[in-house]
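**Q** Sharing a structure here in structure tokens format.
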Amino acid sequence: MKTVNVISYFVVLLITVNVHAQKLKFEVTSGNLSFLKEVEKLKIVYYYSGLMVGEMVESDYITKRMMEEDLKNPTGGEIWLIKWKDDRSDYYEPKFEELWNKYLIKIPAGKDMESDVNMIVHTTWIEPGFSTGIMGYGSRPSLINLTIKFTKNGNETAVVKITNSPGGGSYYAAERIGESYAKAAKTLAGYVLRAIK
């Protein structure tokens with residue numbers, strides 16, 4: 001039994017180290033963000049179409065997780081699904097906007113803003129990660145990939161890709177993933193600040 005526990009510990013540790021080794025990557029794939037120098041505010045639009053979760057398309061991930069929750073509680077799957085969808089507006093998007101507005105006060109942004117310049121945040125991949133909640137048994141941070149397009153009057157002006165934006169080690173998936181959005185926004189805001197100097 002002790003041998004099994006030791007093996008389990010090292011498997012979790014190896015997974016944790018492997019994920020931590022994946023570094024955040026930031027790339028401007030087209031255009032130039034210096035145009036934001038003349039922008040007073042941004043409207044943010046969020047998209048989740050074509051989303052992959054781990055190695056699964058989102059629909060398959062949802063089916064799997066609902067089945068798992070239904071085994072614990074007959075209505076568990078439906079409850080989980082509502083929360084999975086609500087986490088976007090309750091955690092992910094507020095965290096992204098909070099960190100953007102914290103570091104880029106001169107260009108406020110939000111999904112309720114009115115502006116002819118849009119920041120379209122498309123989430124293409126989420127790795128929810130995990131936390132055992134038990135000291136010594138490791139955790140795996142969440143990771144997200146975003147493609148962010150800037151448009152002015154409907155015309156694309158720049159595209160940014162953020163890969164492997166890491167989240168925290170919270171026990172709750174929504175909080176972990178929310179921190180991934182916060183890190184992505186902080187990284188993007190820092191780059192924009194340098195671009196508009």
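In the structure tokens, chains take letters A, B, ... by order of appearance, with residues numbered from 1 within each chain and ligands from 1 in the order shown.
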Could you pull out all residues of stretch 5-169 of chain A with a DSSP call of strand (DSSP E) and give them as a PyMOL selection string?

**A** chain A and resi 25-31+42-47+52-53+56-57+109-110+117-127+130-131+139-140+143-152+155-166

**Q** Quick one: residues within 6 Å of stretch 47-53 of chain A, only C-alpha atoms counted, chain neighbours fewer than 6 positions away excluded, as a list of chain:residue names?

**A** A:His122, A:Thr123, A:Thr124, A:Trp125, A:Ile126, A:Glu127

**Q** Quick one: residues within 12 Å of A:Tyr91, only C-alpha atoms counted, chain neighbours fewer than 6 positions away excluded, as an mmCIF file with N, CA and C atoms, in the first residue's frame?

**A**
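Saved to selection.cif:
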data_model
loop_
_atom_site.group_PDB
_atom_site.id
_atom_site.type_symbol
_atom_site.label_atom_id
_atom_site.label_comp_id
_atom_site.auth_asym_id
_atom_site.auth_seq_id
_atom_site.Cartn_x
_atom_site.Cartn_y
_atom_site.Cartn_z
ATOM 1 N N LYS A 83 -23.139 25.736 -13.951
ATOM 2 C CA LYS A 83 -21.967 26.406 -13.368
ATOM 3 C C LYS A 83 -20.842 26.533 -14.393
ATOM 4 N N TRP A 84 -20.601 25.499 -15.189
ATOM 5 C CA TRP A 84 -19.549 25.538 -16.216
ATOM 6 C C TRP A 84 -19.769 26.720 -17.168
ATOM 7 N N LYS A 85 -21.020 26.930 -17.578
ATOM 8 C CA LYS A 85 -21.332 28.040 -18.489
ATOM 9 C C LYS A 85 -21.263 29.389 -17.766
ATOM 10 N N GLU A 97 -10.980 41.542 -17.323
ATOM 11 C CA GLU A 97 -11.224 42.990 -17.328
ATOM 12 C C GLU A 97 -10.596 43.681 -16.113
ATOM 13 N N GLU A 98 -10.645 43.020 -14.971
ATOM 14 C CA GLU A 98 -10.041 43.588 -13.755
ATOM 15 C C GLU A 98 -8.549 43.860 -13.945
ATOM 16 N N TYR A 172 -10.732 25.108 -6.513
ATOM 17 C CA TYR A 172 -11.883 25.300 -7.389
ATOM 18 C C TYR A 172 -11.451 25.645 -8.809
ATOM 19 N N ALA A 173 -11.946 24.872 -9.774
ATOM 20 C CA ALA A 173 -11.539 25.041 -11.174
ATOM 21 C C ALA A 173 -11.832 26.446 -11.689
ATOM 22 N N ALA A 174 -12.990 26.996 -11.348
ATOM 23 C CA ALA A 174 -13.357 28.328 -11.850
ATOM 24 C C ALA A 174 -12.348 29.387 -11.418
ATOM 25 N N GLU A 175 -11.876 29.273 -10.173
ATOM 26 C CA GLU A 175 -10.892 30.235 -9.673
ATOM 27 C C GLU A 175 -9.542 30.040 -10.351
ATOM 28 N N ARG A 176 -9.144 28.772 -10.555
ATOM 29 C CA ARG A 176 -7.879 28.503 -11.259
ATOM 30 C C ARG A 176 -7.917 29.096 -12.663
ATOM 31 N N ILE A 177 -8.989 28.802 -13.402
ATOM 32 C CA ILE A 177 -9.098 29.267 -14.785
ATOM 33 C C ILE A 177 -9.222 30.783 -14.823
ATOM 34 N N GLY A 178 -9.944 31.355 -13.872
ATOM 35 C CA GLY A 178 -10.055 32.817 -13.797
ATOM 36 C C GLY A 178 -8.691 33.480 -13.692
ATOM 37 N N GLU A 179 -7.794 32.856 -12.921
ATOM 38 C CA GLU A 179 -6.442 33.408 -12.784
ATOM 39 C C GLU A 179 -5.649 33.306 -14.093
ATOM 40 N N SER A 180 -5.966 32.320 -14.926
ATOM 41 C CA SER A 180 -5.343 32.237 -16.249
ATOM 42 C C SER A 180 -5.735 33.443 -17.103
ATOM 43 N N TYR A 181 -6.999 33.844 -17.009
ATOM 44 C CA TYR A 181 -7.459 35.029 -17.741
ATOM 45 C C TYR A 181 -6.818 36.297 -17.186
ATOM 46 N N ALA A 182 -6.656 36.339 -15.868
ATOM 47 C CA ALA A 182 -6.006 37.500 -15.248
ATOM 48 C C ALA A 182 -4.569 37.629 -15.744
#

**Q** Compare A:Met113, A:Leu99, A:Arg65, A:Gln22 by their minimum atom-to-atom distance to A:Leu42, counting only C-alpha atoms, and give me the closest one.

**A**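 Ranking A:Met113, A:Leu99, A:Arg65, A:Gln22 by distance to A:Leu42, first place goes to A:Met113.
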
**Q** Might you pull out every residue within 9 Å of A:Met67, with only C-alpha atoms counted and same-chain residues fewer than 5 positions away left off, and present them as a PDB file with C-alpha atoms, in the first residue's frame?

**A**
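Contents of the output file selection-v4.pdb:
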ATOM      1  CA  ILE A  62     -19.326  18.356 -21.048  1.00  0.00           C
ATOM      2  CA  GLY A  76     -25.505  16.751 -10.486  1.00  0.00           C
ATOM      3  CA  GLY A  77     -24.817  16.899 -14.214  1.00  0.00           C
TER       4      GLY A  77
END

**Q** Given only C-alpha atoms as the basis, pick out the residue of A:Ser89, A:Ser115, A:Thr147, A:Asn155 nearest to A:Val28.

**A**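 Residue with the minimum atom-to-atom distance to A:Val28: A:Thr147.
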
**Q** Would you compute the distance between atom CA of A:Val159 and atom CA of A:Ser30? Give it in Å to one decimal.

**A** 5.2 Å

**Q** Name all residues at most 9 Å from A:Lys23 (count only C-alpha atoms; drop same-chain ones fewer than 4 positions away) and give them as JSON, numbers by chain.

**A** {"A": [19, 163, 164, 165, 166]}

**Q** So, counting only C-alpha atoms, which residue among A:Pro94, A:Tyr103, A:Glu38, A:Ser170 is closest to A:Ser139?

**A** A:Ser170

**Q** Give me, please, the distance in Å between atom CA of A:Glu58 and atom CA of A:Pro128, quoted to one decimal.

**A**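 Between atom CA of A:Glu58 and atom CA of A:Pro128 the gap works out to 11.9 Å.
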